[in-house]
file protein.txt (compact mmCIF, C-alpha atoms)
# COMPACT_ATOMS: atom_id res chain seq x y z
CA MET A 1 244.46 109.07 57.19
CA ALA A 2 243.78 106.37 59.77
CA GLY A 3 240.29 105.66 60.96
CA HIS A 4 238.96 106.08 64.47
CA LEU A 5 238.66 103.42 67.16
CA TYR A 6 235.45 104.12 69.08
CA ILE A 7 235.17 102.69 72.60
CA VAL A 8 231.42 102.24 72.89
CA GLY A 9 229.62 101.63 76.17
CA THR A 10 226.65 99.30 75.81
CA PRO A 11 223.77 98.38 78.18
CA ILE A 12 224.52 96.16 81.17
CA GLY A 13 221.01 94.74 81.04
CA ASN A 14 218.23 97.05 79.90
CA LEU A 15 218.70 97.78 76.19
CA GLU A 16 216.99 101.15 76.61
CA ASP A 17 220.13 102.37 78.40
CA ILE A 18 222.12 102.69 75.17
CA THR A 19 222.84 106.28 74.16
CA LEU A 20 221.71 107.93 70.94
CA ARG A 21 225.35 108.58 70.10
CA ALA A 22 226.26 104.91 70.60
CA VAL A 23 223.51 103.83 68.19
CA ARG A 24 224.71 106.36 65.61
CA VAL A 25 228.35 105.31 65.91
CA LEU A 26 227.53 101.60 65.68
CA GLY A 27 225.56 102.36 62.54
CA GLU A 28 228.37 104.35 60.93
CA VAL A 29 231.52 102.30 61.58
CA ALA A 30 232.93 99.82 59.07
CA ALA A 31 233.14 96.99 61.62
CA ILE A 32 232.49 96.20 65.27
CA ALA A 33 235.01 94.35 67.43
CA CYS A 34 233.00 92.57 70.10
CA GLU A 35 233.55 90.23 73.01
CA ASP A 36 230.76 87.82 72.00
CA THR A 37 229.07 88.18 68.62
CA ARG A 38 225.89 86.58 69.97
CA GLN A 39 225.48 89.32 72.56
CA THR A 40 226.30 92.16 70.19
CA VAL A 41 223.83 90.89 67.58
CA LYS A 42 221.03 91.32 70.13
CA ILE A 43 221.83 95.03 70.37
CA LEU A 44 222.17 95.45 66.62
CA ASN A 45 218.89 93.67 65.96
CA ARG A 46 217.10 95.79 68.56
CA PHE A 47 218.07 98.96 66.69
CA GLY A 48 217.91 97.62 63.13
CA LEU A 49 221.66 97.67 62.50
CA LYS A 50 223.79 95.28 60.43
CA LYS A 51 227.56 95.41 60.59
CA PRO A 52 230.53 93.04 60.13
CA LEU A 53 231.52 91.65 63.53
CA ILE A 54 235.03 90.75 64.64
CA SER A 55 235.18 88.39 67.61
CA TYR A 56 237.53 89.96 70.16
CA PHE A 57 237.60 88.10 73.45
CA HIS A 58 239.98 87.21 76.26
CA PRO A 59 242.40 85.40 76.15
CA ARG A 60 242.60 85.37 72.35
CA GLU A 61 242.11 89.08 71.84
CA GLY A 62 245.74 89.47 70.81
CA GLN A 63 245.17 87.33 67.73
CA ARG A 64 242.65 89.81 66.30
CA ILE A 65 244.58 93.01 66.97
CA PRO A 66 246.55 92.97 63.67
CA GLU A 67 243.32 92.59 61.68
CA ILE A 68 241.64 95.47 63.50
CA ILE A 69 244.70 97.71 63.26
CA ARG A 70 244.88 97.00 59.52
CA LEU A 71 241.30 98.20 59.05
CA LEU A 72 242.03 101.33 61.06
CA LYS A 73 245.22 102.07 59.09
CA GLU A 74 243.17 101.71 55.89
CA GLY A 75 241.08 104.63 57.09
CA LYS A 76 238.11 102.62 58.29
CA ASP A 77 236.39 103.34 61.59
CA VAL A 78 235.96 100.48 64.07
CA ALA A 79 233.83 100.31 67.22
CA LEU A 80 234.92 98.24 70.20
CA VAL A 81 232.19 96.88 72.48
CA SER A 82 232.09 94.35 75.30
CA ASP A 83 229.21 92.06 76.21
CA ALA A 84 227.91 94.69 78.61
CA GLY A 85 229.11 98.02 79.93
CA THR A 86 232.27 99.90 79.04
CA PRO A 87 235.09 98.06 77.25
CA GLY A 88 238.33 97.78 79.20
CA ILE A 89 236.66 97.97 82.62
CA SER A 90 237.32 94.36 83.70
CA ASP A 91 236.51 93.47 80.08
CA PRO A 92 238.64 92.99 76.95
CA GLY A 93 239.91 96.15 75.31
CA PHE A 94 243.11 97.45 76.84
CA PRO A 95 245.61 95.65 74.52
CA LEU A 96 243.78 96.88 71.41
CA ILE A 97 243.49 100.43 72.73
CA ARG A 98 247.19 100.48 73.63
CA GLU A 99 248.22 99.20 70.19
CA ALA A 100 245.93 101.65 68.40
CA LEU A 101 247.53 104.55 70.27
CA ARG A 102 251.00 103.23 69.44
CA GLU A 103 250.02 103.23 65.76
CA GLY A 104 248.79 106.80 65.92
CA VAL A 105 245.11 105.89 65.68
CA ALA A 106 242.61 108.24 67.31
CA VAL A 107 240.80 106.51 70.19
CA VAL A 108 237.40 108.06 70.90
CA PRO A 109 235.32 107.19 73.98
CA VAL A 110 231.55 106.94 73.57
CA PRO A 111 230.35 106.95 77.21
CA GLY A 112 227.77 104.50 78.40
CA PRO A 113 226.75 102.27 81.31
CA ALA A 114 229.17 100.60 83.71
CA ALA A 115 228.16 98.34 86.58
CA VAL A 116 230.60 100.03 88.96
CA THR A 117 229.05 103.49 88.66
CA THR A 118 225.51 102.15 88.41
CA ALA A 119 225.89 100.27 91.69
CA LEU A 120 227.64 103.16 93.43
CA SER A 121 224.89 105.61 92.50
CA ALA A 122 222.22 103.70 94.45
CA ALA A 123 224.22 101.78 97.06
CA GLY A 124 224.02 104.29 99.86
CA LEU A 125 227.72 104.08 100.70
CA PRO A 126 230.10 107.05 100.34
CA THR A 127 230.88 107.78 96.70
CA HIS A 128 233.21 110.79 96.94
CA HIS A 129 236.12 108.37 97.23
CA PHE A 130 235.98 104.79 95.94
CA LEU A 131 238.46 102.17 94.84
CA PHE A 132 237.52 99.79 92.03
CA LEU A 133 239.27 96.42 92.42
CA GLY A 134 237.45 94.42 89.73
CA PHE A 135 237.35 90.64 90.03
CA PRO A 136 239.23 89.48 93.16
CA PRO A 137 241.63 86.50 93.07
CA PRO A 138 239.77 83.17 92.77
CA LYS A 139 241.71 81.45 95.54
CA ALA A 140 241.00 82.08 99.24
CA THR A 141 244.61 82.96 100.07
CA GLY A 142 244.82 85.51 97.27
CA LEU A 143 241.50 87.05 98.27
CA ARG A 144 242.54 87.46 101.89
CA LYS A 145 245.87 88.93 100.86
CA LEU A 146 244.10 91.48 98.69
CA LEU A 147 241.72 92.45 101.47
CA ALA A 148 244.52 92.67 104.03
CA ALA A 149 246.35 95.14 101.80
CA ARG A 150 243.26 97.40 101.93
CA ILE A 151 242.50 97.10 105.63
CA ASP A 152 243.22 100.80 106.26
CA GLU A 153 241.59 102.04 103.04
CA GLU A 154 239.05 104.81 103.67
CA ALA A 155 237.48 104.58 100.22
CA THR A 156 234.48 102.41 99.41
CA LEU A 157 235.84 99.19 97.89
CA VAL A 158 234.10 97.95 94.75
CA PHE A 159 234.38 94.42 93.38
CA TYR A 160 232.86 92.37 90.56
CA LEU A 161 231.99 88.89 91.75
CA PRO A 162 230.22 85.75 90.48
CA THR A 163 227.27 85.28 92.83
CA ARG A 164 228.37 81.68 93.52
CA ARG A 165 231.37 83.18 95.38
CA LEU A 166 229.37 85.56 97.56
CA ALA A 167 229.32 83.38 100.68
CA GLU A 168 233.09 82.83 100.75
CA PHE A 169 233.72 86.48 99.86
CA LEU A 170 231.60 87.76 102.74
CA GLU A 171 233.30 85.38 105.14
CA ALA A 172 236.72 86.62 104.03
CA VAL A 173 235.63 90.25 104.46
CA ARG A 174 234.39 89.52 107.99
CA GLU A 175 237.62 87.75 108.94
CA VAL A 176 239.98 90.33 107.45
CA LEU A 177 238.14 93.67 107.52
CA GLY A 178 235.54 93.09 110.20
CA ASP A 179 231.75 93.32 110.21
CA ARG A 180 231.52 96.30 107.88
CA ARG A 181 228.57 97.55 105.89
CA VAL A 182 228.30 95.88 102.51
CA VAL A 183 226.01 96.33 99.51
CA VAL A 184 225.44 93.57 96.98
CA ALA A 185 223.96 94.81 93.69
CA ARG A 186 222.81 92.14 91.26
CA GLU A 187 220.83 91.97 88.02
CA LEU A 188 221.41 95.71 87.60
CA THR A 189 218.93 97.44 85.25
CA LYS A 190 217.14 94.13 84.65
CA VAL A 191 213.65 93.02 85.69
CA HIS A 192 214.90 91.34 88.86
CA GLU A 193 217.33 94.09 89.92
CA GLU A 194 218.18 93.72 93.59
CA PHE A 195 220.19 95.65 96.18
CA LEU A 196 221.05 93.85 99.42
CA ARG A 197 222.32 96.17 102.14
CA GLY A 198 223.58 95.51 105.66
CA THR A 199 226.57 94.39 107.66
CA VAL A 200 228.52 91.36 106.55
CA THR A 201 226.76 89.26 109.19
CA GLU A 202 223.32 90.52 108.17
CA LEU A 203 223.93 89.89 104.48
CA ALA A 204 225.35 86.42 105.06
CA ALA A 205 222.18 85.54 106.96
CA ALA A 206 219.90 87.17 104.36
CA ILE A 207 221.52 85.39 101.44
CA GLY A 208 221.79 82.08 103.27
CA SER A 209 221.31 79.21 100.88
CA ARG A 210 219.70 81.29 98.10
CA ALA A 211 220.79 80.07 94.67
CA LEU A 212 221.76 83.38 93.11
CA LYS A 213 222.82 83.49 89.47
CA GLY A 214 225.05 85.70 87.37
CA GLU A 215 227.47 88.33 88.57
CA ALA A 216 227.15 90.96 91.26
CA THR A 217 228.78 94.26 92.06
CA VAL A 218 229.81 94.22 95.71
CA LEU A 219 230.64 97.39 97.64
CA VAL A 220 232.42 97.30 101.01
CA GLU A 221 232.50 100.29 103.33
CA GLY A 222 235.90 101.85 103.90
CA VAL A 223 237.50 102.18 107.30
CA HIS A 224 236.57 105.16 109.50

call {"tool": "encode", "arguments": {"input": "protein.txt", "output": "structure tokens"}}
result
Amino acid sequence: MAGHLYIVGTPIGNLEDITLRAVRVLGEVAAIACEDTRQTVKILNRFGLKKPLISYFHPREGQRIPEIIRLLKEGKDVALVSDAGTPGISDPGFPLIREALREGVAVVPVPGPAAVTTALSAAGLPTHHFLFLGFPPPKATGLRKLLAARIDEEATLVFYLPTRRLAEFLEAVREVLGDRRVVVARELTKVHEEFLRGTVTELAAAIGSRALKGEATVLVEGVH
């Protein structure tokens, strides 16, 4: 009988956010497929776990799929984790999950944190209907095209964005969608967690020349 592929959500910042079930599963599996072994080791060390790690990262994730599938077909359980949050949500995971299902392997979700839901829960924008768009195109033309396609969207739009791109992103939103309400959530669950709320114009002025680091979750109000 084939093993199980566990899709394990891990903390996006604060290590206390890991679930009891996730700790148990990570301690029971034969191996852990992870985006960056250095990040996963921090979690394992925090909870006194030691497991074989298989580096599984984009764009070379396809090279490790046969090895992981072989372990699963041998009856061994494998956990898949990303650096932070839920695997497959703008993180590596989908190709492995698809192949495991093709091979008849049971894929079991172990719910945990995700930046998209964490930001939505405290943003103050409507949450009954939202559209997650992940990382927008890196080029200005692609970004504007994406926004233009959503100009009549009523749902709250949710993006992942490197903070170094915030200024150009806000400018594109103002040009294409107008001066809507926006929430920028950064350093979620960490010591310096910050929510910036206001119109595009207000946020652009508030951020100004601040040298922000890392990635942010950016929420844009839908059309009314």

call {"tool": "residues_around", "arguments": {"input": "protein.txt", "residues": "Thr201 of chain A", "least_positions_apart": "4", "cutoff": "10 Å", "atoms": "all atoms listed in the file", "output": "list in words"}}
result
Leu170, Glu171, Arg174, Gly178, Asp179, Arg180, Arg181, Val182, Ala205 and Ala206 of chain A

call {"tool": "closest_residue", "arguments": {"input": "protein.txt", "among": "A:Val116, A:Leu80, A:Met1, A:Leu72", "to": "Leu133 of chain A", "atoms": "all atoms listed in the file"}}
result
A:Val116

call {"tool": "atom_distance", "arguments": {"input": "protein.txt", "atom1": "atom CA of Val105 of chain A", "atom2": "atom CA of Arg38 of chain A"}}
result
27.6 Å

call {"tool": "atom_distance", "arguments": {"input": "protein.txt", "atom1": "atom CA of Phe94 of chain A", "atom2": "atom CA of Leu15 of chain A"}}
result
24.4 Å

call {"tool": "atom_distance", "arguments": {"input": "protein.txt", "atom1": "atom CA of Ala79 of chain A", "atom2": "atom CA of Pro162 of chain A"}}
result
27.7 Å

call {"tool": "residues_near_point", "arguments": {"input": "protein.txt", "point": "(226.8, 106.0, 97.4)", "cutoff": "12 Å", "atoms": "all atoms listed in the file", "output": "ChimeraX atom specification"}}
result
/A:116-130,155-158,182-183,197,219-222

call {"tool": "residues_around", "arguments": {"input": "protein.txt", "residues": "segment 48-50 of chain A", "least_positions_apart": "6", "cutoff": "9 Å", "atoms": "all atoms listed in the file", "output": "count of residues only"}}
result
4

call {"tool": "closest_residue", "arguments": {"input": "protein.txt", "among": "A:Glu74, A:Glu175, A:Pro59, A:Glu16", "to": "Asp91 of chain A", "atoms": "only C-alpha atoms"}}
result
A:Pro59

call {"tool": "residues_near_point", "arguments": {"input": "protein.txt", "point": "(236.4, 84.0, 89.9)", "cutoff": "8 Å", "atoms": "all atoms listed in the file", "output": "ChimeraX atom specification"}}
result
/A:135-138,161-162,165

call {"tool": "closest_residue", "arguments": {"input": "protein.txt", "among": "A:Lys76, A:Arg150, A:Arg144, A:Arg64", "to": "Leu96 of chain A", "atoms": "all atoms listed in the file"}}
result
A:Arg64

call {"tool": "closest_residue", "arguments": {"input": "protein.txt", "among": "A:Ser82, A:Val110, A:Ala100, A:Gly3", "to": "Arg24 of chain A", "atoms": "all atoms listed in the file"}}
result
A:Val110

call {"tool": "closest_residue", "arguments": {"input": "protein.txt", "among": "A:Gly104, A:Asp152, A:Ile12, A:Leu146", "to": "Ala216 of chain A", "atoms": "all atoms listed in the file"}}
result
A:Ile12

call {"tool": "closest_residue", "arguments": {"input": "protein.txt", "among": "A:Val173, A:Leu53, A:Phe132, A:Val223", "to": "Ala148 of chain A", "atoms": "all atoms listed in the file"}}
result
A:Val173

call {"tool": "axis_aligned_box", "arguments": {"input": "protein.txt", "around": "segment 124-139 of chain A", "padding_each_side": "5 Å", "output": "AutoDock Vina command-line options"}}
result
--center_x 232.9 --center_y 96.1 --center_z 95.2 --size_x 27.7 --size_y 39.3 --size_z 21.0

call {"tool": "build_atoms", "arguments": {"input": "protein.txt", "residues": "segment 69-105 of chain A", "atoms": "N, CA and C atoms", "output": "compact mmCIF listing (two decimals), in the frame of the given file"}}
result
# COMPACT_ATOMS: atom_id res chain seq x y z
N ILE A 69 243.79 96.61 63.54
CA ILE A 69 244.70 97.71 63.26
C ILE A 69 244.81 97.95 61.75
N ARG A 70 244.81 96.86 60.99
CA ARG A 70 244.88 97.00 59.52
C ARG A 70 243.68 97.79 59.00
N LEU A 71 242.50 97.46 59.48
CA LEU A 71 241.30 98.20 59.05
C LEU A 71 241.42 99.68 59.41
N LEU A 72 241.89 99.95 60.62
CA LEU A 72 242.03 101.33 61.06
C LEU A 72 243.06 102.09 60.21
N LYS A 73 244.17 101.43 59.89
CA LYS A 73 245.22 102.07 59.09
C LYS A 73 244.75 102.31 57.64
N GLU A 74 243.76 101.52 57.22
CA GLU A 74 243.17 101.71 55.89
C GLU A 74 242.18 102.88 55.86
N GLY A 75 241.99 103.50 57.02
CA GLY A 75 241.08 104.63 57.09
C GLY A 75 239.67 104.29 57.49
N LYS A 76 239.45 103.04 57.91
CA LYS A 76 238.11 102.62 58.29
C LYS A 76 237.91 102.78 59.80
N ASP A 77 236.73 103.20 60.17
CA ASP A 77 236.39 103.34 61.59
C ASP A 77 235.92 102.00 62.15
N VAL A 78 236.33 101.72 63.39
CA VAL A 78 235.96 100.48 64.07
C VAL A 78 235.43 100.82 65.45
N ALA A 79 234.35 100.15 65.86
CA ALA A 79 233.83 100.31 67.22
C ALA A 79 234.23 99.09 68.03
N LEU A 80 234.62 99.33 69.26
CA LEU A 80 234.92 98.24 70.20
C LEU A 80 233.83 98.21 71.26
N VAL A 81 233.21 97.04 71.45
CA VAL A 81 232.19 96.88 72.48
C VAL A 81 232.49 95.63 73.28
N SER A 82 232.01 95.57 74.51
CA SER A 82 232.09 94.35 75.30
C SER A 82 230.68 93.77 75.39
N ASP A 83 230.54 92.66 76.08
CA ASP A 83 229.21 92.06 76.21
C ASP A 83 228.24 93.01 76.91
N ALA A 84 228.74 93.76 77.86
CA ALA A 84 227.91 94.69 78.61
C ALA A 84 228.79 95.73 79.29
N GLY A 85 228.36 96.98 79.25
CA GLY A 85 229.11 98.02 79.93
C GLY A 85 230.18 98.65 79.06
N THR A 86 231.21 99.16 79.71
CA THR A 86 232.27 99.90 79.04
C THR A 86 233.48 99.02 78.79
N PRO A 87 233.92 98.89 77.55
CA PRO A 87 235.09 98.06 77.25
C PRO A 87 236.31 98.49 78.06
N GLY A 88 237.10 97.49 78.46
CA GLY A 88 238.33 97.78 79.20
C GLY A 88 238.15 97.84 80.70
N ILE A 89 236.91 97.96 81.18
CA ILE A 89 236.66 97.97 82.62
C ILE A 89 236.37 96.54 83.06
N SER A 90 237.42 95.80 83.41
CA SER A 90 237.32 94.36 83.70
C SER A 90 236.74 93.59 82.52
N ASP A 91 236.94 94.11 81.33
CA ASP A 91 236.51 93.47 80.08
C ASP A 91 237.64 93.62 79.07
N PRO A 92 237.61 92.83 77.98
CA PRO A 92 238.64 92.99 76.95
C PRO A 92 238.67 94.41 76.40
N GLY A 93 239.82 94.84 75.92
CA GLY A 93 239.91 96.15 75.31
C GLY A 93 241.26 96.82 75.44
N PHE A 94 241.88 96.72 76.61
CA PHE A 94 243.11 97.45 76.84
C PHE A 94 244.22 97.16 75.82
N PRO A 95 244.52 95.89 75.49
CA PRO A 95 245.61 95.65 74.52
C PRO A 95 245.35 96.30 73.16
N LEU A 96 244.10 96.26 72.69
CA LEU A 96 243.78 96.88 71.41
C LEU A 96 243.91 98.40 71.49
N ILE A 97 243.41 98.98 72.56
CA ILE A 97 243.49 100.43 72.73
C ILE A 97 244.95 100.88 72.78
N ARG A 98 245.76 100.15 73.53
CA ARG A 98 247.19 100.48 73.63
C ARG A 98 247.87 100.42 72.27
N GLU A 99 247.58 99.36 71.49
CA GLU A 99 248.22 99.20 70.19
C GLU A 99 247.74 100.27 69.21
N ALA A 100 246.46 100.61 69.28
CA ALA A 100 245.93 101.65 68.40
C ALA A 100 246.64 102.98 68.66
N LEU A 101 246.84 103.31 69.92
CA LEU A 101 247.53 104.55 70.27
C LEU A 101 248.98 104.52 69.80
N ARG A 102 249.62 103.37 69.92
CA ARG A 102 251.00 103.23 69.44
C ARG A 102 251.10 103.47 67.93
N GLU A 103 250.04 103.09 67.22
CA GLU A 103 250.02 103.23 65.76
C GLU A 103 249.49 104.59 65.31
N GLY A 104 249.24 105.47 66.27
CA GLY A 104 248.79 106.80 65.92
C GLY A 104 247.32 106.90 65.57
N VAL A 105 246.55 105.90 65.96
CA VAL A 105 245.11 105.89 65.68
C VAL A 105 244.38 106.68 66.76
